[in-house]
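Note sheet for the following structure.
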Amino acid sequence: MQRYFVKQRAEGNRFVIDEEDRHHIVKVMRMQIGDKIICVDPEGKQALCALAEFTDTSVVADVVQWKELVPELPISITIASGLPKGDKLEWIIQKGTELGGHRFLPFAAARSVVKWDEKKAIKKIDRWQKIAKEAAEQSHRAFLPEVMSPISFKELLVNSKDFDYKLVAFEEESRNGETSVFASTLNKINKGESLLLVFGPEGGLTDEEIRQLLDSKFLVCGLGPRILRTETAPLYALSAISYHFELMR
């Protein structure tokens with residue numbers, strides 16, 4: 001069943017769907033009055049709805065039944081990725097959304113080959129957000145992840161103050177056999193708290209970047225004995241978090 005993240009709820013138990021989602025319902029899916037869809041409001045509340053009205057600018061859907069199940073991780077995860085090459089960040093956003101990521105925060109690391117082009121910024125961020133939206137709909141999320149505009153490493157350090165827990169994955173820790181920090185941190189986090197996970201670009205983070213992260217109260221962790229690619233490590237971490245919080249309890 002098709003799922004749509006709706007920006008506004010009309011008076012009573014009604015949803016108003018417009019813009020691209022209206023086009024998708026009318027032109028792509030060719031739905032009719034009475035067809036059923038799932039609507040999700042900005043607060044993450046989900047409802048089974050029946051299409052009730054079509055206009056030139058919107059589609060109106062009536063709530064048939066509110067859904068109680070919330071398919072979200074009990075903690076808020078932000079993935080901060082050093083800008084990687086090619087379409088790797090798109091892969092991280094898409095698959096990271098499917099795995100429960102709450103926010104994606106690209107940053108310019110010292111070894112980032114890709115340089116952020118401000119002239120192309122709006123189109124790029126719109127594309128990333130669209131990828132997150134489609135992945136959230138496909139994976140039946142109740143929350144639409146936010147994709148932030150890339151920031152500098154210095155800004156990353158400043159923004160990190162807003163999180164309850166902060167980890168940076170560092171390949172040298174994996175090479176040295178470190179295995180406890182990631183697991184012990186997950187054991188400490190309570191429902192509703194936030195975790196910032198930082199991953200370097202191809203080539204990893206520099207020793208100076210690690211020093212500054214440590215000075216900003218990050219903990220450095222390994223992710224097992226194997227060295228993971230920049231696009232693989234965030235997905236490994238999210239999978240482990242899902243297993244810890246959703247399958248073990």
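Residues in the structure tokens are numbered from 1 in each chain, the chains being A, B, ... in the order shown, and ligands are numbered from 1 in the order shown.
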What are the nearest atom pairs, with distances in Å to one decimal, for all residues of stretch 186-217 of chain A that come at most 7 Å from stretch 225-241 of chain A, using only C-alpha atoms, set out by chain and rising residue number as a tab-separated table?
residue	atom	partner	partner_atom	distance
A:Phe199	CA	A:Thr230	CA	6.8
A:Gly200	CA	A:Thr230	CA	6.5
A:Pro201	CA	A:Thr230	CA	5.7
A:Glu202	CA	A:Thr230	CA	6.0
Those residues you just picked out, can you put them in a file as an mmCIF file, in the first residue's frame with C-alpha atoms?
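Saved to out29.cif:
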data_model
loop_
_atom_site.group_PDB
_atom_site.id
_atom_site.type_symbol
_atom_site.label_atom_id
_atom_site.label_comp_id
_atom_site.auth_asym_id
_atom_site.auth_seq_id
_atom_site.Cartn_x
_atom_site.Cartn_y
_atom_site.Cartn_z
ATOM 1 C CA PHE A 199 32.541 8.617 9.691
ATOM 2 C CA GLY A 200 35.453 9.791 7.606
ATOM 3 C CA PRO A 201 35.612 9.974 3.784
ATOM 4 C CA GLU A 202 37.776 7.735 1.610
#
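With only C-alpha atoms taken into account, the protein and nucleic acid residues at most 9 Å from A:Lys67 (excluding it and anything under 5 positions from it in its own chain) are A:Lys45, A:Gln46, A:Ala47, A:Leu48.
Once A:Asp56 and its same-chain neighbours fewer than 2 positions away are set aside, A:Asp18, A:Arg22, A:Phe54, A:Ser58, A:Val59 remain within 10 Å of it when counting only C-alpha atoms.
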Practice item. Measure the distance from atom CA of A:Phe143 to atom CA of A:Ile77 in Å and round it to one decimal. Key: 12.3 Å
Exercise for review: Can you pull out every residue within 10 Å of stretch 71-75 of chain A, counting only C-alpha atoms, but drop anything in the same chain fewer than 2 positions away, and send it as a ChimeraX atom specification?
Suggested key: /A:44,68-69,77-78,99-102,139-143,186,189-195,238,241-242,245-246
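With only C-alpha atoms as the atoms that count, the residue of A:Glu155, A:Glu209, A:Asp164, A:Leu51 with the shortest distance to A:Lys188 is A:Asp164.
Atom CA of A:Ser76 to atom CA of A:Ser184 spans 17.1 Å [interatomic distance, one decimal].
The helix (DSSP H, G or I) portion of stretch 86-134 of chain A consists of Lys88, Leu89, Glu90, Trp91, Ile92, Ile93, Gln94, Lys95, Gly96, Thr97, Glu98, Glu118, Lys119, Lys120, Ala121, Ile122, Lys123, Lys124, Ile125, Asp126, Arg127, Trp128, Gln129, Lys130, Ile131, Ala132, Lys133 and Glu134 of chain A, with states taken from DSSP on the backbone.
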Residues from last step as file, N, CA, C and O atoms, as a short mmCIF file (atom, residue, chain, number, x, y, z; two decimals), in the first residue's frame:
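Final output, again_20.cif:
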data_model
loop_
_atom_site.label_atom_id
_atom_site.label_comp_id
_atom_site.auth_asym_id
_atom_site.auth_seq_id
_atom_site.Cartn_x
_atom_site.Cartn_y
_atom_site.Cartn_z
N LYS A 88 28.17 7.89 -3.45
CA LYS A 88 28.23 7.14 -2.19
C LYS A 88 27.35 7.76 -1.11
O LYS A 88 26.74 7.05 -0.31
N LEU A 89 27.28 9.10 -1.07
CA LEU A 89 26.45 9.74 -0.06
C LEU A 89 24.97 9.44 -0.31
O LEU A 89 24.20 9.25 0.63
N GLU A 90 24.58 9.39 -1.58
CA GLU A 90 23.20 9.03 -1.90
C GLU A 90 22.88 7.62 -1.40
O GLU A 90 21.78 7.37 -0.89
N TRP A 91 23.84 6.72 -1.55
CA TRP A 91 23.66 5.34 -1.06
C TRP A 91 23.51 5.33 0.46
O TRP A 91 22.65 4.65 1.01
N ILE A 92 24.36 6.10 1.14
CA ILE A 92 24.29 6.18 2.61
C ILE A 92 22.93 6.71 3.05
O ILE A 92 22.31 6.19 3.99
N ILE A 93 22.43 7.76 2.37
CA ILE A 93 21.14 8.35 2.73
C ILE A 93 20.01 7.37 2.48
O ILE A 93 19.12 7.19 3.34
N GLN A 94 20.02 6.73 1.33
CA GLN A 94 18.94 5.79 0.99
C GLN A 94 18.90 4.61 1.95
O GLN A 94 17.86 4.31 2.57
N LYS A 95 20.02 3.92 2.07
CA LYS A 95 20.04 2.72 2.90
C LYS A 95 20.02 3.08 4.39
O LYS A 95 19.43 2.35 5.20
N GLY A 96 20.61 4.20 4.74
CA GLY A 96 20.57 4.65 6.13
C GLY A 96 19.16 4.99 6.58
O GLY A 96 18.79 4.76 7.73
N THR A 97 18.37 5.52 5.65
CA THR A 97 16.95 5.79 5.95
C THR A 97 16.20 4.48 6.18
O THR A 97 15.43 4.35 7.12
N GLU A 98 16.43 3.51 5.32
CA GLU A 98 15.78 2.21 5.48
C GLU A 98 16.13 1.58 6.83
O GLU A 98 15.31 0.87 7.43
N GLU A 118 28.59 25.56 -3.81
CA GLU A 118 27.43 26.30 -3.32
C GLU A 118 26.42 26.62 -4.43
O GLU A 118 25.23 26.73 -4.18
N LYS A 119 26.91 26.75 -5.67
CA LYS A 119 26.01 27.06 -6.78
C LYS A 119 25.03 25.91 -7.06
O LYS A 119 23.93 26.13 -7.54
N LYS A 120 25.48 24.70 -6.78
CA LYS A 120 24.63 23.52 -7.02
C LYS A 120 23.97 23.02 -5.75
O LYS A 120 23.33 21.97 -5.75
N ALA A 121 24.10 23.78 -4.66
CA ALA A 121 23.69 23.31 -3.35
C ALA A 121 22.22 22.96 -3.27
O ALA A 121 21.84 21.88 -2.81
N ILE A 122 21.35 23.87 -3.71
CA ILE A 122 19.91 23.68 -3.55
C ILE A 122 19.45 22.41 -4.28
O ILE A 122 18.73 21.58 -3.73
N LYS A 123 19.88 22.26 -5.54
CA LYS A 123 19.47 21.09 -6.32
C LYS A 123 19.99 19.80 -5.69
O LYS A 123 19.30 18.78 -5.65
N LYS A 124 21.22 19.85 -5.19
CA LYS A 124 21.83 18.67 -4.59
C LYS A 124 21.08 18.25 -3.33
O LYS A 124 20.75 17.08 -3.13
N ILE A 125 20.80 19.22 -2.47
CA ILE A 125 20.11 18.91 -1.20
C ILE A 125 18.69 18.45 -1.48
O ILE A 125 18.18 17.52 -0.83
N ASP A 126 18.03 19.07 -2.45
CA ASP A 126 16.67 18.63 -2.83
C ASP A 126 16.70 17.17 -3.29
O ASP A 126 15.79 16.40 -2.97
N ARG A 127 17.72 16.81 -4.06
CA ARG A 127 17.83 15.43 -4.53
C ARG A 127 18.04 14.47 -3.36
O ARG A 127 17.42 13.42 -3.28
N TRP A 128 18.93 14.85 -2.44
CA TRP A 128 19.19 14.01 -1.28
C TRP A 128 17.92 13.82 -0.44
O TRP A 128 17.61 12.72 0.01
N GLN A 129 17.18 14.92 -0.25
CA GLN A 129 15.97 14.83 0.55
C GLN A 129 14.91 13.98 -0.13
O GLN A 129 14.17 13.24 0.51
N LYS A 130 14.85 14.07 -1.46
CA LYS A 130 13.90 13.23 -2.20
C LYS A 130 14.27 11.75 -2.06
O LYS A 130 13.39 10.90 -1.92
N ILE A 131 15.57 11.46 -2.10
CA ILE A 131 16.01 10.07 -1.91
C ILE A 131 15.59 9.57 -0.53
O ILE A 131 15.10 8.44 -0.39
N ALA A 132 15.77 10.40 0.49
CA ALA A 132 15.37 10.02 1.85
C ALA A 132 13.86 9.81 1.95
O ALA A 132 13.39 8.86 2.58
N LYS A 133 13.10 10.67 1.29
CA LYS A 133 11.63 10.57 1.33
C LYS A 133 11.16 9.27 0.69
O LYS A 133 10.32 8.54 1.24
N GLU A 134 11.70 8.96 -0.48
CA GLU A 134 11.29 7.74 -1.18
C GLU A 134 11.69 6.50 -0.38
O GLU A 134 10.94 5.52 -0.30
#
Check your understanding: Any idea what's packed within 8 Å of A:Leu219, counting only C-alpha atoms, ignoring anything in its chain fewer than 5 positions away? Could you give it as a list in words?
Key -> Lys166, Leu167, Val168, Val181 and Leu214 of chain A
Would you save the residues of that selection, restricted to N, CA and C atoms, as an mmCIF file, in the first residue's frame?
data_model
loop_
_atom_site.group_PDB
_atom_site.id
_atom_site.type_symbol
_atom_site.label_atom_id
_atom_site.label_comp_id
_atom_site.auth_asym_id
_atom_site.auth_seq_id
_atom_site.Cartn_x
_atom_site.Cartn_y
_atom_site.Cartn_z
ATOM 1 N N LYS A 166 28.316 10.812 21.593
ATOM 2 C CA LYS A 166 29.043 11.120 20.359
ATOM 3 C C LYS A 166 30.142 10.083 20.149
ATOM 4 N N LEU A 167 30.113 9.453 18.981
ATOM 5 C CA LEU A 167 31.112 8.449 18.624
ATOM 6 C C LEU A 167 31.714 8.771 17.267
ATOM 7 N N VAL A 168 32.993 8.447 17.107
ATOM 8 C CA VAL A 168 33.625 8.543 15.796
ATOM 9 C C VAL A 168 34.248 7.187 15.489
ATOM 10 N N VAL A 181 33.959 0.008 22.929
ATOM 11 C CA VAL A 181 33.379 1.354 23.069
ATOM 12 C C VAL A 181 31.990 1.445 22.450
ATOM 13 N N LEU A 214 38.242 14.230 19.946
ATOM 14 C CA LEU A 214 38.447 13.817 21.335
ATOM 15 C C LEU A 214 38.336 15.013 22.275
#
